[in-house]
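Listing of upload20.cif; format and content: mmCIF, C-alpha atoms.
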```
data_coords
loop_
_atom_site.label_atom_id
_atom_site.label_comp_id
_atom_site.auth_asym_id
_atom_site.auth_seq_id
_atom_site.Cartn_x
_atom_site.Cartn_y
_atom_site.Cartn_z
CA MET A 1007 -1.91 17.15 20.82
CA LYS A 1008 -5.20 17.79 19.05
CA ILE A 1009 -4.69 16.41 15.53
CA ILE A 1010 -6.90 16.62 12.46
CA MET A 1011 -6.23 13.99 9.79
CA ILE A 1012 -7.76 14.31 6.33
CA THR A 1013 -8.22 11.50 3.81
CA PRO A 1014 -10.20 11.52 0.55
CA ALA A 1015 -11.70 8.10 1.36
CA PRO A 1016 -15.04 8.29 3.23
CA PRO A 1017 -15.96 6.39 6.42
CA GLY A 1018 -16.69 2.73 5.71
CA SER A 1019 -14.44 2.67 2.66
CA ARG A 1020 -11.90 -0.15 2.46
CA ALA A 1021 -9.59 1.96 0.30
CA GLY A 1022 -5.98 1.99 1.39
CA ASN A 1023 -6.01 5.68 2.32
CA ARG A 1024 -8.92 5.17 4.71
CA ALA A 1025 -7.35 2.12 6.33
CA THR A 1026 -4.10 4.03 6.79
CA ALA A 1027 -5.83 7.05 8.30
CA GLU A 1028 -7.81 4.98 10.79
CA ARG A 1029 -4.79 2.89 11.78
CA TRP A 1030 -2.67 6.02 12.29
CA ALA A 1031 -5.45 7.63 14.32
CA ASP A 1032 -5.55 4.58 16.60
CA LEU A 1033 -1.77 4.55 17.03
CA LEU A 1034 -1.66 8.26 17.83
CA ARG A 1035 -4.51 7.90 20.31
CA GLN A 1036 -2.53 5.13 22.01
CA ALA A 1037 0.27 7.69 22.37
CA GLY A 1038 -2.13 10.10 24.11
CA HIS A 1039 -3.18 12.38 21.26
CA GLN A 1040 -6.72 13.43 20.29
CA VAL A 1041 -7.34 12.61 16.63
CA ALA A 1042 -10.25 13.42 14.32
CA VAL A 1043 -10.33 11.78 10.88
CA VAL A 1044 -12.21 13.91 8.31
CA THR A 1045 -12.85 13.98 4.56
CA GLU A 1046 -13.48 17.75 4.43
CA TYR A 1047 -11.73 20.58 6.24
CA GLN A 1048 -13.36 23.93 7.03
CA GLY A 1049 -10.54 25.71 8.84
CA GLU A 1050 -10.99 24.21 12.31
CA SER A 1051 -8.17 24.75 14.79
CA CYS A 1052 -5.80 21.97 15.83
CA ASP A 1053 -2.26 21.49 17.10
CA ALA A 1054 -1.18 19.53 14.00
CA PHE A 1055 -2.66 18.62 10.62
CA VAL A 1056 -1.98 15.33 8.83
CA ALA A 1057 -3.01 15.01 5.17
CA LEU A 1058 -3.10 11.84 3.12
CA HIS A 1059 -2.70 12.49 -0.61
CA ALA A 1060 -0.95 15.61 -1.89
CA TRP A 1061 -3.16 16.22 -4.92
CA ARG A 1062 -6.57 15.28 -3.54
CA SER A 1063 -5.99 17.10 -0.24
CA HIS A 1064 -4.51 20.22 -1.89
CA ASP A 1065 -7.39 22.59 -1.07
CA ALA A 1066 -7.52 21.46 2.57
CA ILE A 1067 -3.75 21.81 2.90
CA GLN A 1068 -3.80 25.36 1.54
CA MET A 1069 -6.72 26.32 3.80
CA PHE A 1070 -4.97 24.92 6.85
CA ARG A 1071 -1.72 26.69 6.07
CA LYS A 1072 -3.58 29.98 5.51
CA CYS A 1073 -5.67 29.70 8.69
CA TRP A 1074 -2.97 28.34 10.98
CA PRO A 1075 0.48 29.38 9.66
CA GLU A 1076 2.24 28.51 12.93
CA ALA A 1077 0.93 24.91 13.23
CA PRO A 1078 2.81 21.84 11.91
CA LEU A 1079 1.59 20.07 8.77
CA LEU A 1080 2.45 16.50 7.79
CA LEU A 1081 1.74 15.07 4.34
CA ALA A 1082 1.69 11.35 3.49
CA LEU A 1083 2.59 10.76 -0.16
CA THR A 1084 0.55 8.15 -2.01
CA GLY A 1085 1.68 6.14 -5.01
CA THR A 1086 -0.45 8.23 -7.37
CA ASP A 1087 1.05 11.42 -5.88
CA ILE A 1088 4.57 10.21 -6.56
CA TYR A 1089 4.21 8.36 -9.83
CA ARG A 1090 1.31 10.17 -11.52
CA HIS A 1091 -0.08 13.37 -10.05
CA GLN A 1092 3.17 15.27 -9.58
CA HIS A 1093 3.62 14.93 -13.36
CA GLU A 1094 -0.01 15.28 -14.49
CA TYR A 1095 -1.00 17.97 -11.97
CA PRO A 1096 2.31 19.48 -10.87
CA LEU A 1097 1.08 22.82 -9.53
CA PRO A 1098 -1.32 21.55 -6.82
CA THR A 1099 0.69 18.42 -6.01
CA LEU A 1100 4.01 20.22 -5.59
CA ALA A 1101 2.31 23.09 -3.75
CA SER A 1102 1.12 20.56 -1.17
CA MET A 1103 4.64 19.18 -0.80
CA ALA A 1104 6.00 22.71 -0.40
CA ALA A 1105 3.45 23.55 2.32
CA ALA A 1106 4.26 20.50 4.44
CA ASP A 1107 6.80 20.51 7.25
CA VAL A 1108 7.26 16.74 6.94
CA LEU A 1109 6.63 14.40 4.02
CA ILE A 1110 5.88 10.79 4.95
CA GLY A 1111 7.06 8.21 2.43
CA LEU A 1112 5.74 4.67 2.76
CA HIS A 1113 8.74 2.92 1.19
CA ALA A 1114 12.49 3.42 1.28
CA ARG A 1115 12.94 4.71 -2.28
CA VAL A 1116 10.52 7.64 -2.32
CA ASN A 1117 13.48 10.05 -2.15
CA GLU A 1118 14.51 8.93 -5.66
CA ASP A 1119 11.17 9.92 -7.17
CA ILE A 1120 10.27 13.32 -5.71
CA PRO A 1121 11.91 16.70 -6.45
CA GLU A 1122 15.28 17.08 -4.76
CA GLN A 1123 14.23 20.24 -2.92
CA PHE A 1124 11.74 18.20 -0.90
CA THR A 1125 13.88 15.20 0.05
CA ASP A 1126 15.13 16.79 3.28
CA LYS A 1127 11.52 16.82 4.51
CA LEU A 1128 11.08 13.10 3.95
CA ILE A 1129 10.62 10.54 6.73
CA THR A 1130 10.16 6.87 5.81
CA LEU A 1131 7.38 5.07 7.63
CA TYR A 1132 6.66 1.37 7.13
CA GLN A 1133 2.97 0.55 7.44
CA SER A 1134 2.27 -2.13 9.99
CA ALA A 1135 0.18 -5.28 10.23
CA GLU A 1136 -0.72 -7.63 13.02
CA ALA A 1137 1.08 -10.97 13.11
CA LEU A 1138 -0.96 -13.89 11.84
CA PRO A 1139 -1.58 -16.68 14.39
CA ALA A 1140 0.84 -19.60 14.37
CA ALA A 1141 -1.77 -22.03 13.02
CA ARG A 1142 -2.06 -20.01 9.86
CA ASN A 1143 -1.92 -22.97 7.45
CA ALA A 1144 -4.71 -24.95 9.07
CA GLY A 1145 -7.19 -24.26 6.28
CA ARG A 1146 -4.83 -24.68 3.34
CA ASN A 1147 -6.21 -26.58 0.35
CA THR A 1148 -3.70 -29.26 -0.63
CA ASP A 1149 -5.43 -29.99 -3.96
CA CYS A 1150 -4.65 -26.53 -5.35
CA PHE A 1151 -1.70 -24.17 -5.27
CA ASP A 1152 -3.64 -21.11 -4.07
CA VAL A 1153 -2.29 -17.69 -4.98
CA CYS A 1154 -3.98 -14.56 -3.62
CA VAL A 1155 -4.22 -11.14 -5.25
CA ILE A 1156 -5.54 -8.52 -2.82
CA GLY A 1157 -6.57 -4.92 -3.51
CA HIS A 1158 -9.05 -2.77 -5.35
CA LEU A 1159 -9.35 -3.75 -9.01
CA ARG A 1160 -7.95 -0.83 -10.97
CA GLU A 1161 -5.37 0.20 -13.51
CA GLU A 1162 -2.61 1.07 -11.04
CA LYS A 1163 -2.85 -2.39 -9.46
CA ASP A 1164 -2.87 -4.20 -12.85
CA SER A 1165 -5.28 -6.42 -10.98
CA LEU A 1166 -5.89 -9.16 -13.56
CA ARG A 1167 -2.26 -9.70 -14.59
CA THR A 1168 -1.96 -12.80 -12.38
CA ALA A 1169 -5.14 -14.28 -13.86
CA ILE A 1170 -3.78 -13.67 -17.36
CA ALA A 1171 -0.48 -15.30 -16.38
CA ALA A 1172 -2.32 -18.32 -14.95
CA ARG A 1173 -3.78 -19.01 -18.40
CA LEU A 1174 -0.20 -19.60 -19.64
CA LEU A 1175 0.69 -22.27 -17.08
CA PRO A 1176 1.16 -25.93 -18.07
CA GLU A 1177 -1.97 -28.03 -18.19
CA ASP A 1178 -0.95 -30.04 -15.11
CA SER A 1179 -0.49 -26.91 -12.96
CA THR A 1180 -2.80 -26.68 -9.94
CA VAL A 1181 -2.44 -22.91 -9.52
CA ARG A 1182 -5.68 -21.19 -8.53
CA VAL A 1183 -5.78 -17.38 -8.41
CA LEU A 1184 -7.99 -16.04 -5.62
CA CYS A 1185 -8.68 -12.35 -6.22
CA ALA A 1186 -10.12 -10.15 -3.46
CA GLY A 1187 -11.11 -6.58 -4.15
CA LYS A 1188 -13.77 -4.16 -5.30
CA PRO A 1189 -13.81 -3.11 -8.98
CA HIS A 1190 -12.95 0.56 -9.45
CA ASN A 1191 -15.71 1.12 -12.02
CA ASP A 1192 -18.15 -0.64 -14.37
CA SER A 1193 -15.37 -1.44 -16.82
CA TRP A 1194 -13.40 -3.31 -14.18
CA GLN A 1195 -16.58 -5.03 -13.04
CA SER A 1196 -17.13 -6.31 -16.57
CA MET A 1197 -13.50 -7.40 -16.95
CA VAL A 1198 -13.45 -9.41 -13.74
CA GLU A 1199 -16.79 -11.05 -14.51
CA LYS A 1200 -15.50 -12.00 -17.96
CA GLU A 1201 -12.34 -13.47 -16.41
CA VAL A 1202 -14.43 -15.56 -14.02
CA GLN A 1203 -16.42 -16.98 -16.94
CA GLU A 1204 -13.44 -17.72 -19.18
CA ASN A 1205 -10.59 -18.65 -16.83
CA PRO A 1206 -11.00 -21.88 -14.82
CA ARG A 1207 -7.92 -21.02 -12.75
CA PHE A 1208 -9.46 -17.75 -11.49
CA GLU A 1209 -11.89 -17.02 -8.65
CA TRP A 1210 -13.10 -13.57 -7.66
CA LEU A 1211 -14.02 -13.28 -3.99
CA GLY A 1212 -15.30 -9.71 -4.04
CA GLU A 1213 -14.41 -7.16 -1.39
CA LEU A 1214 -13.35 -8.78 1.90
CA ASP A 1215 -13.06 -7.34 5.39
CA LYS A 1216 -9.89 -7.45 7.47
CA ALA A 1217 -10.63 -10.79 9.13
CA GLU A 1218 -11.50 -12.37 5.78
CA ILE A 1219 -8.26 -11.09 4.26
CA ARG A 1220 -6.29 -12.66 7.10
CA SER A 1221 -8.13 -15.95 6.57
CA LEU A 1222 -7.40 -15.82 2.84
CA MET A 1223 -3.69 -15.27 3.44
CA ALA A 1224 -3.66 -18.15 5.92
CA ARG A 1225 -4.81 -20.65 3.31
CA CYS A 1226 -2.69 -19.47 0.38
CA GLN A 1227 0.80 -20.57 -0.56
CA LEU A 1228 1.71 -17.32 -2.27
CA MET A 1229 0.65 -13.72 -2.81
CA VAL A 1230 1.18 -11.71 -6.00
CA ILE A 1231 1.32 -7.92 -6.00
CA SER A 1232 1.30 -6.93 -9.67
CA SER A 1233 0.95 -3.15 -9.41
CA VAL A 1234 2.49 -0.81 -11.96
CA MET A 1235 2.70 1.94 -9.31
CA GLU A 1236 2.62 1.79 -5.51
CA GLY A 1237 3.37 4.23 -2.74
CA GLY A 1238 4.08 1.34 -0.35
CA ALA A 1239 1.30 -1.24 -0.24
CA ASN A 1240 0.10 -2.28 3.21
CA VAL A 1241 -0.74 -5.72 1.79
CA VAL A 1242 3.02 -6.33 1.50
CA SER A 1243 3.38 -5.60 5.23
CA GLU A 1244 0.53 -8.01 5.94
CA ALA A 1245 2.07 -10.79 3.86
CA CYS A 1246 5.47 -10.34 5.49
CA ARG A 1247 3.94 -10.50 8.97
CA ALA A 1248 2.04 -13.61 7.88
CA GLY A 1249 5.19 -15.27 6.53
CA LEU A 1250 3.47 -15.55 3.15
CA ALA A 1251 5.81 -15.70 0.16
CA ILE A 1252 5.37 -12.81 -2.28
CA ILE A 1253 5.89 -12.44 -6.02
CA ALA A 1254 6.07 -8.71 -6.73
CA SER A 1255 6.27 -6.49 -9.78
CA ASP A 1256 9.68 -4.85 -10.08
CA ILE A 1257 8.70 -1.26 -9.27
CA PRO A 1258 10.16 1.23 -6.76
CA GLY A 1259 7.21 0.90 -4.39
CA ASN A 1260 7.82 -2.84 -4.01
CA ARG A 1261 11.62 -2.67 -3.99
CA GLY A 1262 11.38 0.02 -1.33
CA LEU A 1263 9.68 -2.50 0.96
CA LEU A 1264 11.19 -5.85 -0.02
CA GLY A 1265 14.72 -4.65 -0.88
CA ASP A 1266 17.00 -5.04 -3.86
CA HIS A 1267 18.03 -8.59 -2.94
CA TYR A 1268 14.55 -10.08 -2.77
CA ASP A 1269 14.22 -13.08 -5.10
CA GLY A 1270 10.57 -12.78 -6.08
CA TYR A 1271 10.40 -9.95 -8.62
CA PHE A 1272 9.01 -10.02 -12.16
CA PRO A 1273 8.88 -7.18 -14.75
CA ALA A 1274 5.68 -5.17 -14.27
CA GLY A 1275 3.02 -5.97 -16.85
CA ASP A 1276 4.84 -9.07 -18.14
CA GLU A 1277 2.49 -12.03 -17.80
CA VAL A 1278 4.96 -14.42 -19.47
CA SER A 1279 7.61 -13.75 -16.82
CA LEU A 1280 4.97 -13.87 -14.11
CA ALA A 1281 3.73 -17.25 -15.36
CA HIS A 1282 7.30 -18.57 -15.31
CA THR A 1283 7.79 -17.33 -11.73
CA LEU A 1284 4.46 -18.78 -10.62
CA HIS A 1285 5.36 -22.16 -12.11
CA ARG A 1286 8.75 -22.06 -10.40
CA ALA A 1287 7.12 -21.26 -7.05
CA GLU A 1288 4.63 -24.09 -7.52
CA THR A 1289 7.18 -26.73 -8.52
CA ASP A 1290 10.31 -25.70 -6.59
CA PRO A 1291 9.80 -25.98 -2.80
CA GLU A 1292 13.29 -24.61 -2.10
CA TYR A 1293 12.53 -21.44 -4.06
CA ARG A 1294 9.21 -21.02 -2.29
CA GLU A 1295 10.84 -21.57 1.09
CA ARG A 1296 13.54 -18.99 0.28
CA LEU A 1297 10.86 -16.40 -0.49
CA SER A 1298 9.08 -17.26 2.74
CA GLU A 1299 12.29 -16.91 4.74
CA GLN A 1300 13.00 -13.55 3.11
CA VAL A 1301 9.59 -12.10 3.97
CA GLN A 1302 9.83 -13.44 7.53
CA ALA A 1303 13.20 -11.69 7.89
CA LEU A 1304 11.51 -8.42 6.84
CA ALA A 1305 8.53 -8.84 9.19
CA PRO A 1306 10.07 -6.86 12.12
CA LEU A 1307 9.98 -3.71 9.95
CA PHE A 1308 6.20 -3.83 9.86
CA THR A 1309 5.18 -3.97 13.54
CA PRO A 1310 2.61 -1.55 14.99
CA GLU A 1311 5.20 -0.37 17.51
CA ASN A 1312 7.62 0.63 14.74
CA GLU A 1313 4.86 2.45 12.90
CA ARG A 1314 3.76 4.31 16.03
CA GLN A 1315 7.32 5.39 16.76
CA ALA A 1316 7.74 6.62 13.18
CA LEU A 1317 4.52 8.63 13.46
CA GLU A 1318 5.67 10.17 16.73
CA ARG A 1319 9.04 11.00 15.19
CA ALA A 1320 7.37 12.62 12.17
CA LEU A 1321 5.09 14.66 14.45
CA GLU A 1322 7.97 15.82 16.63
CA THR A 1323 10.05 16.74 13.57
CA ALA A 1324 7.21 18.72 11.98
CA THR A 1325 6.56 20.57 15.25
CA ARG A 1326 10.23 21.46 15.66
CA ARG A 1327 10.59 22.65 12.07
CA ARG A 1328 7.50 24.86 12.31
CA ALA A 1329 8.78 26.31 15.60
CA ASP A 1330 12.17 27.01 13.97
CA LEU A 1331 10.43 28.94 11.18
CA LYS A 1332 8.61 31.06 13.75
CA GLY A 1333 11.87 31.78 15.56
#
```
Entire entry expressed as structure tokens:
Amino acid sequence: MKIIMITPAPPGSRAGNRATAERWADLLRQAGHQVAVVTEYQGESCDAFVALHAWRSHDAIQMFRKCWPEAPLLLALTGTDIYRHQHEYPLPTLASMAAADVLIGLHARVNEDIPEQFTDKLITLYQSAEALPAARNAGRNTDCFDVCVIGHLREEKDSLRTAIAARLLPEDSTVRVLCAGKPHNDSWQSMVEKEVQENPRFEWLGELDKAEIRSLMARCQLMVISSVMEGGANVVSEACRAGLAIIASDIPGNRGLLGDHYDGYFPAGDEVSLAHTLHRAETDPEYRERLSEQVQALAPLFTPENERQALERALETATRRRADLKG
């Protein structure tokens, strides 16, 4: 099939939406499809249209549906779609959901947080990551307990919560927070620079490429994902495939990936609880090993093959549903 995929993130961006679009394009090409990834849509013809982000892609979705009413449309729901924009901007966001033949949710609990009339369109797709090489701990620093925080620095990620929690740790703690990501704006730039100056347990590494992220994970003992909203963070998939223990904020987007029985949750935004959990992970090897075993057990969910099959299934379902409407 000839597929057009639209994402609001431009070429060269390391934003999650861009990474997802490019990975999906590669997987669909492996399956024999022709895929063009665009940031603007002018009504070009295609056999199927895939949109990332209901609110930001609203105009493109409406144009596609008007120009090509018989072609299938798939919509991937982001965290801000689900947990912010459908409430702040309901008309365009819900109109995009209504126009789609298939909604792609990136964690297993999306159905609980979108309008009931759209849940029958929903297909869950787990984002994939490559397995980390077996010698992943070769560069680990034994003098520090290194904890990574990975992702753009912005409000939704609550990106400095781990740094704040690290300030509360006992004096003899060796926790070092290694933060990788690009500040969302000047305010976040100022906040992270201030944290670097004031917090001896905190290092900011800036924005890293894929290989550098893999290297960072390989030398850390733990990853924290502190987000207050997530649509299904690919960094969780990466950590699971790396066998890297995770401490995660207790939000639907993390529970929908790690499951209700995962032992590494803390209340979102609660640095005191996070500090307690960090200290437990640092000082209790059995607890840390249990978290590592749990993420390793989840790793098979996040293989490229599973993601490709889910994409193919979503495409086939959307095509069938659009054909049924024509009939």
Skip A:Leu1080 itself and residues of its chain fewer than 5 positions away, then list as a VMD selection string all residues within 8 Å of it, counting only C-alpha atoms. chain A and resid 1054 to 1057 1106 to 1110 1320 to 1321 1324
What residues come out when you apply the PyMOL selection byres ((chain A and resi 1133) around 6) to this file, written as a VMD selection string? chain A and resid 1132 1134 1240 1308
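Restricting the calculation to all atoms listed in the file, the smallest distance between A:Asp1119 and any of A:Ala1037, A:Ile1257, A:Ala1305, A:Ala1137 is found for A:Ile1257.
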Could you write out as a CSV table (one decimal) with C-alpha atoms, keeping the file's coordinate frame the residues that the PyMOL selection byres ((chain A and resi 1039) around 12) matches in the shown file?
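The resulting selection_33.csv:
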```
chain,number,residue,atom,x,y,z
A,1007,MET,CA,-1.9,17.2,20.8
A,1008,LYS,CA,-5.2,17.8,19.0
A,1009,ILE,CA,-4.7,16.4,15.5
A,1010,ILE,CA,-6.9,16.6,12.5
A,1011,MET,CA,-6.2,14.0,9.8
A,1030,TRP,CA,-2.7,6.0,12.3
A,1031,ALA,CA,-5.4,7.6,14.3
A,1032,ASP,CA,-5.6,4.6,16.6
A,1033,LEU,CA,-1.8,4.6,17.0
A,1034,LEU,CA,-1.7,8.3,17.8
A,1035,ARG,CA,-4.5,7.9,20.3
A,1036,GLN,CA,-2.5,5.1,22.0
A,1037,ALA,CA,0.3,7.7,22.4
A,1038,GLY,CA,-2.1,10.1,24.1
A,1040,GLN,CA,-6.7,13.4,20.3
A,1041,VAL,CA,-7.3,12.6,16.6
A,1042,ALA,CA,-10.2,13.4,14.3
A,1052,CYS,CA,-5.8,22.0,15.8
A,1053,ASP,CA,-2.3,21.5,17.1
A,1054,ALA,CA,-1.2,19.5,14.0
A,1314,ARG,CA,3.8,4.3,16.0
A,1317,LEU,CA,4.5,8.6,13.5
A,1318,GLU,CA,5.7,10.2,16.7
A,1321,LEU,CA,5.1,14.7,14.4
```
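For the pair atom CA of A:Glu1218 and atom CA of A:Val1234, the separation is 25.4 Å.
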From the list A:Ala1025, A:Cys1246, A:Ala1105, A:Ile1156, which residue is nearest A:Leu1307 when using only C-alpha atoms? A:Cys1246
For the structure shown, which residues end up in the PyMOL selection byres ((chain A and resi 1265) around 12)? Put them as a list in words, please?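 Going through the file, the PyMOL selection byres ((chain A and resi 1265) around 12) ends up selecting His1113, Ala1114, Arg1115, Ala1254, Asp1256, Ile1257, Pro1258, Gly1259, Asn1260, Arg1261, Gly1262, Leu1263, Leu1264, Asp1266, His1267, Tyr1268, Asp1269, Gly1270, Tyr1271, Gln1300, Val1301, Ala1303, Leu1304 and Leu1307 of chain A.
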